[in-house]
Structures are given as structure tokens and as C-alpha cells.
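Okay, so here's the structure we're looking at.
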Amino acid sequence: MKNQNTKKLALAGVFCAIAVVGSFLSFPIFGSKCAPVQHMVNILCAITLGPWWGVLVAFCASLIRNLLSLGTLLAFPGSMFGALLCGLAFWKTKNTWLTYLAEVFGSSVLGGLCAYPVAILFMGKSAGDIAFYVYIVPFLISTAGGAILSAVIVESLKKCNVIPQLSK
């Protein structure tokens, strides 16, 4: 059991590092930095580690990105909701396509809606300047790119029978 937890912790650290380094591949859209690699990592975590590890990796990656000025506070709701939703979807169904859709919905809709109060409370945006749904579109673009990227990687890893080895 201890060996299994150590393996999961090491894999979570690798995923966190990939998400942080991958944030250099971000682009600005409507005040948020879109980082599709984070969403790819969310899905890989969901499939290999489970929902709770995925949320932990999303939180740690968002925290490190903010400490290094590679992201904004919107990284927290934008990544953590998707990680939780896609992790739960894969945990309950083992369906990768549903997992990709859960990541897109969780990050874009739920994360986008929760980004609104974060922007108002912590980033100094006034309620009159932005609408509550304004972050859904940039988060949708980011998470759709990450879901497509992860679909290519996951389907390739499944063909090579690597996913079961990582999930043990």
C-alpha cells in the first residue's frame, strides 16, 4: 500500500511539473491566460490517478503558476472544476470520451462561472465591467484544446497498453 501511494505521489508530481512547464504554451483571451496543457493533465490525472489526485494536481499547478507569475487567479476555478468532474466521470464510467466531455464542461461552464466571483473579489474587477458568463468562452477554447490533445495522447497510450501500467 505504501509503495502504491509513493508511485501515485511521484506521478502526481510529474503531472504537476508538466502543467507548470506547459503554461508557457498559454495565450491570452479576454483577460484570462488559456493553458490547454493544464486540461490535458487534468484528463491524464483522471485516467491514471483518480479524481482527488487530479484536483490536488490542478490546485498545486495553479498555485505554482501563480507564484511564478505564469498564470492568474482564474487558474484555480478554471482547472479544479474540470479535474474534479472528469475524474469523477472516469472513476464511475471508465469511458474516456465521457471523461473528455466532463473536463470541457467542468472547466468551461462551471470553472467559467466560478471565475466571475474570483475576478471581482480578488482581481479588482468591478461587477459592471464584466458579465458573469464572460469567462466561459476563453475557458472553453482552452479546455477544448487540452481535451483534443489528451485524446490523442490517451488513445495512443491505450493502443500501446501503457494506461493500465500507469493506473496500477
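Every chain in the C-alpha cells has a letter given in the order shown (A, B, ...), and although residue numbers restart at 1 in each chain, ligands are simply numbered from 1 in the order shown.
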
Exercise for review: With a distance cut-off of 6 Å and only C-alpha atoms, select the neighbouring residues of range 103-107 of chain A, excluding the residue or stretch itself and same-chain residues fewer than 2 positions from it, and output the selection as an MDAnalysis selection string.
Suggested key: chainID A and resid 78:79 81:82 85:86 100:101 109:111 143:144

Quick one: write out the picked residues with N, CA, C and O atoms as an mmCIF file, in the first residue's frame?
data_model
loop_
_atom_site.group_PDB
_atom_site.id
_atom_site.type_symbol
_atom_site.label_atom_id
_atom_site.label_comp_id
_atom_site.auth_asym_id
_atom_site.auth_seq_id
_atom_site.Cartn_x
_atom_site.Cartn_y
_atom_site.Cartn_z
ATOM 1 N N GLY A 78 -10.648 27.513 -13.041
ATOM 2 C CA GLY A 78 -10.572 27.022 -14.413
ATOM 3 C C GLY A 78 -9.998 25.630 -14.544
ATOM 4 O O GLY A 78 -10.264 24.929 -15.517
ATOM 5 N N SER A 79 -9.220 25.198 -13.572
ATOM 6 C CA SER A 79 -8.637 23.862 -13.668
ATOM 7 C C SER A 79 -9.249 22.876 -12.687
ATOM 8 O O SER A 79 -9.434 21.703 -13.008
ATOM 9 N N PHE A 81 -12.325 22.591 -11.249
ATOM 10 C CA PHE A 81 -13.649 22.039 -11.537
ATOM 11 C C PHE A 81 -13.579 20.982 -12.631
ATOM 12 O O PHE A 81 -14.244 19.953 -12.549
ATOM 13 N N GLY A 82 -12.777 21.249 -13.652
ATOM 14 C CA GLY A 82 -12.612 20.264 -14.715
ATOM 15 C C GLY A 82 -11.951 18.995 -14.220
ATOM 16 O O GLY A 82 -12.356 17.887 -14.581
ATOM 17 N N LEU A 85 -14.580 17.034 -12.147
ATOM 18 C CA LEU A 85 -15.654 16.458 -12.941
ATOM 19 C C LEU A 85 -15.157 15.325 -13.842
ATOM 20 O O LEU A 85 -15.794 14.273 -13.920
ATOM 21 N N CYS A 86 -14.031 15.524 -14.511
ATOM 22 C CA CYS A 86 -13.549 14.455 -15.397
ATOM 23 C C CYS A 86 -13.033 13.277 -14.574
ATOM 24 O O CYS A 86 -13.170 12.121 -14.986
ATOM 25 N N TYR A 100 -13.454 13.209 -21.429
ATOM 26 C CA TYR A 100 -13.061 14.409 -22.181
ATOM 27 C C TYR A 100 -14.174 15.455 -22.113
ATOM 28 O O TYR A 100 -13.908 16.637 -21.887
ATOM 29 N N LEU A 101 -15.414 15.011 -22.309
ATOM 30 C CA LEU A 101 -16.553 15.941 -22.267
ATOM 31 C C LEU A 101 -16.743 16.527 -20.866
ATOM 32 O O LEU A 101 -17.071 17.707 -20.727
ATOM 33 N N VAL A 109 -17.776 25.642 -18.282
ATOM 34 C CA VAL A 109 -19.027 26.159 -17.725
ATOM 35 C C VAL A 109 -18.910 26.396 -16.214
ATOM 36 O O VAL A 109 -19.077 27.527 -15.747
ATOM 37 N N LEU A 110 -18.590 25.348 -15.463
ATOM 38 C CA LEU A 110 -18.511 25.516 -14.010
ATOM 39 C C LEU A 110 -17.328 26.397 -13.606
ATOM 40 O O LEU A 110 -17.473 27.308 -12.791
ATOM 41 N N GLY A 111 -16.164 26.133 -14.188
ATOM 42 C CA GLY A 111 -14.995 26.958 -13.890
ATOM 43 C C GLY A 111 -15.173 28.391 -14.363
ATOM 44 O O GLY A 111 -14.777 29.339 -13.683
ATOM 45 N N THR A 143 -9.911 24.555 -22.727
ATOM 46 C CA THR A 143 -10.164 23.172 -22.338
ATOM 47 C C THR A 143 -10.454 22.279 -23.541
ATOM 48 O O THR A 143 -10.106 21.092 -23.527
ATOM 49 N N ALA A 144 -11.060 22.831 -24.594
ATOM 50 C CA ALA A 144 -11.281 22.023 -25.797
ATOM 51 C C ALA A 144 -9.949 21.643 -26.432
ATOM 52 O O ALA A 144 -9.757 20.497 -26.857
#

Check your understanding: Per DSSP on the backbone, what are the alpha helix (DSSP H) residues of range 2-156 of chain A, as a PyMOL selection string?
Key -> chain A and resi 2-22+36-48+51-67+75-93+96-105+111-122+136-156

Review point. Between A:Leu157, A:Thr72, A:Trp91, A:Ser150, which has the minimum distance to Val118 in chain A (counting only C-alpha atoms)?
Key: A:Thr72

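Using only C-alpha atoms for every distance, the candidate list A:Leu56, A:Val137, A:Cys45, A:Leu74 yields A:Leu74 as the residue closest to Pro117 in chain A.
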
Shell of 10 Å around Gly50 in chain A, only C-alpha atoms, local chain residues under 6 positions omitted, as a compact mmCIF listing (two decimals) with N, CA and C atoms, in the first residue's frame:
# COMPACT_ATOMS: atom_id res chain seq x y z
N LYS A 8 1.88 6.93 -6.82
CA LYS A 8 0.87 7.95 -7.18
C LYS A 8 1.39 9.36 -6.90
N ASN A 42 -5.25 17.39 -16.51
CA ASN A 42 -6.44 17.01 -15.75
C ASN A 42 -6.98 15.66 -16.20
N ILE A 43 -7.06 15.48 -17.50
CA ILE A 43 -7.60 14.23 -18.04
C ILE A 43 -6.65 13.07 -17.79
N LEU A 44 -5.36 13.29 -17.96
CA LEU A 44 -4.40 12.23 -17.69
C LEU A 44 -4.43 11.83 -16.21
N ALA A 83 -10.93 19.16 -13.37
CA ALA A 83 -10.24 17.98 -12.82
C ALA A 83 -11.19 17.12 -12.00
N LEU A 84 -12.00 17.76 -11.18
CA LEU A 84 -12.94 17.01 -10.36
C LEU A 84 -13.99 16.31 -11.21
N CYS A 86 -14.03 15.52 -14.51
CA CYS A 86 -13.55 14.45 -15.40
C CYS A 86 -13.03 13.28 -14.57
N GLY A 87 -12.48 13.55 -13.39
CA GLY A 87 -12.05 12.46 -12.53
C GLY A 87 -13.21 11.61 -12.06
N LEU A 88 -14.30 12.26 -11.66
CA LEU A 88 -15.49 11.52 -11.24
C LEU A 88 -16.11 10.76 -12.41
N ALA A 89 -16.12 11.39 -13.58
CA ALA A 89 -16.69 10.73 -14.76
C ALA A 89 -15.92 9.47 -15.11
N PHE A 90 -14.60 9.53 -15.09
CA PHE A 90 -13.82 8.33 -15.41
C PHE A 90 -13.92 7.30 -14.30
N TRP A 91 -13.91 7.73 -13.07
CA TRP A 91 -13.99 6.82 -11.93
C TRP A 91 -15.28 6.00 -11.97
N SER A 167 -1.91 3.05 -14.23
CA SER A 167 -3.05 3.06 -13.31
C SER A 167 -2.91 2.08 -12.16

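Of the residues in range 15-131 of chain A, those that DSSP places in strand (DSSP E or B) on the basis of the backbone are Phe27, Pro28, Ile29, Ser32, Lys33 and Cys34 of chain A.
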
Mind dumping the selected residues with N, CA, C and O atoms as an mmCIF file, in the first residue's frame?
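Generated output (result.cif):
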data_model
loop_
_atom_site.group_PDB
_atom_site.id
_atom_site.type_symbol
_atom_site.label_atom_id
_atom_site.label_comp_id
_atom_site.auth_asym_id
_atom_site.auth_seq_id
_atom_site.Cartn_x
_atom_site.Cartn_y
_atom_site.Cartn_z
ATOM 1 N N PHE A 27 -1.996 31.391 -24.022
ATOM 2 C CA PHE A 27 -2.321 32.560 -24.850
ATOM 3 C C PHE A 27 -3.464 33.317 -24.182
ATOM 4 O O PHE A 27 -4.336 32.712 -23.578
ATOM 5 N N PRO A 28 -3.428 34.646 -24.258
ATOM 6 C CA PRO A 28 -4.468 35.436 -23.591
ATOM 7 C C PRO A 28 -5.747 35.526 -24.423
ATOM 8 O O PRO A 28 -5.694 35.713 -25.633
ATOM 9 N N ILE A 29 -6.874 35.363 -23.732
ATOM 10 C CA ILE A 29 -8.183 35.565 -24.352
ATOM 11 C C ILE A 29 -9.077 36.217 -23.309
ATOM 12 O O ILE A 29 -9.342 35.632 -22.257
ATOM 13 N N SER A 32 -8.031 36.292 -19.512
ATOM 14 C CA SER A 32 -7.538 35.076 -18.872
ATOM 15 C C SER A 32 -6.426 34.488 -19.730
ATOM 16 O O SER A 32 -6.363 34.739 -20.926
ATOM 17 N N LYS A 33 -5.541 33.742 -19.080
ATOM 18 C CA LYS A 33 -4.487 33.049 -19.819
ATOM 19 C C LYS A 33 -4.950 31.623 -20.054
ATOM 20 O O LYS A 33 -5.134 30.860 -19.115
ATOM 21 N N CYS A 34 -5.161 31.282 -21.305
ATOM 22 C CA CYS A 34 -5.621 29.946 -21.649
ATOM 23 C C CYS A 34 -4.424 29.012 -21.724
ATOM 24 O O CYS A 34 -3.478 29.267 -22.468
#

Point to revise | For range 112-116 of chain A: contacts at 6 Å, only C-alpha atoms, fewer than 4 positions along chain excluded, given as a PyMOL selection string | key: chain A and resi 74+77+108+132-133+135-136

For the residues in that selection, give me C-alpha atoms as a PDB file, in the first residue's frame.
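So part14.pdb came out as:
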ATOM      1  CA  LEU A  74      -8.583  32.285 -12.617  1.00  0.00           C
ATOM      2  CA  PRO A  77     -11.538  27.556 -10.777  1.00  0.00           C
ATOM      3  CA  SER A 108     -15.552  25.903 -19.243  1.00  0.00           C
ATOM      4  CA  PHE A 132     -20.920  36.596 -15.099  1.00  0.00           C
ATOM      5  CA  TYR A 133     -20.593  34.360 -18.180  1.00  0.00           C
ATOM      6  CA  TYR A 135     -15.048  33.546 -18.833  1.00  0.00           C
ATOM      7  CA  ILE A 136     -16.921  30.579 -20.307  1.00  0.00           C
TER       8      ILE A 136
END

Find the spatial neighbours of Ile153 in chain A, counting only C-alpha atoms, within a cut-off of 12 Å - ignore same-chain residues fewer than 4 positions away - and output them as a PDB file with C-alpha atoms, in the first residue's frame.
ATOM      1  CA  VAL A  37      -1.755  21.707 -21.227  1.00  0.00           C
ATOM      2  CA  MET A  40      -4.620  17.700 -20.820  1.00  0.00           C
ATOM      3  CA  VAL A  41      -3.012  16.997 -17.428  1.00  0.00           C
ATOM      4  CA  ILE A  43      -7.603  14.233 -18.045  1.00  0.00           C
ATOM      5  CA  LEU A  44      -4.398  12.226 -17.685  1.00  0.00           C
ATOM      6  CA  ILE A  47      -7.478   8.312 -16.008  1.00  0.00           C
ATOM      7  CA  THR A  96     -12.627   8.137 -21.871  1.00  0.00           C
ATOM      8  CA  GLY A 146      -6.488  20.356 -23.946  1.00  0.00           C
ATOM      9  CA  ALA A 147      -9.156  17.686 -24.388  1.00  0.00           C
ATOM     10  CA  ILE A 148      -8.188  17.156 -28.029  1.00  0.00           C
ATOM     11  CA  LEU A 149      -4.510  16.986 -27.092  1.00  0.00           C
ATOM     12  CA  LEU A 157      -1.231   5.111 -24.831  1.00  0.00           C
ATOM     13  CA  LYS A 158      -4.225   2.756 -24.793  1.00  0.00           C
ATOM     14  CA  LYS A 159      -3.079   1.158 -28.056  1.00  0.00           C
ATOM     15  CA  CYS A 160       0.382   0.617 -26.560  1.00  0.00           C
ATOM     16  CA  VAL A 162       0.567   1.863 -21.208  1.00  0.00           C
ATOM     17  CA  ILE A 163      -2.525   3.205 -19.400  1.00  0.00           C
TER      18      ILE A 163
END
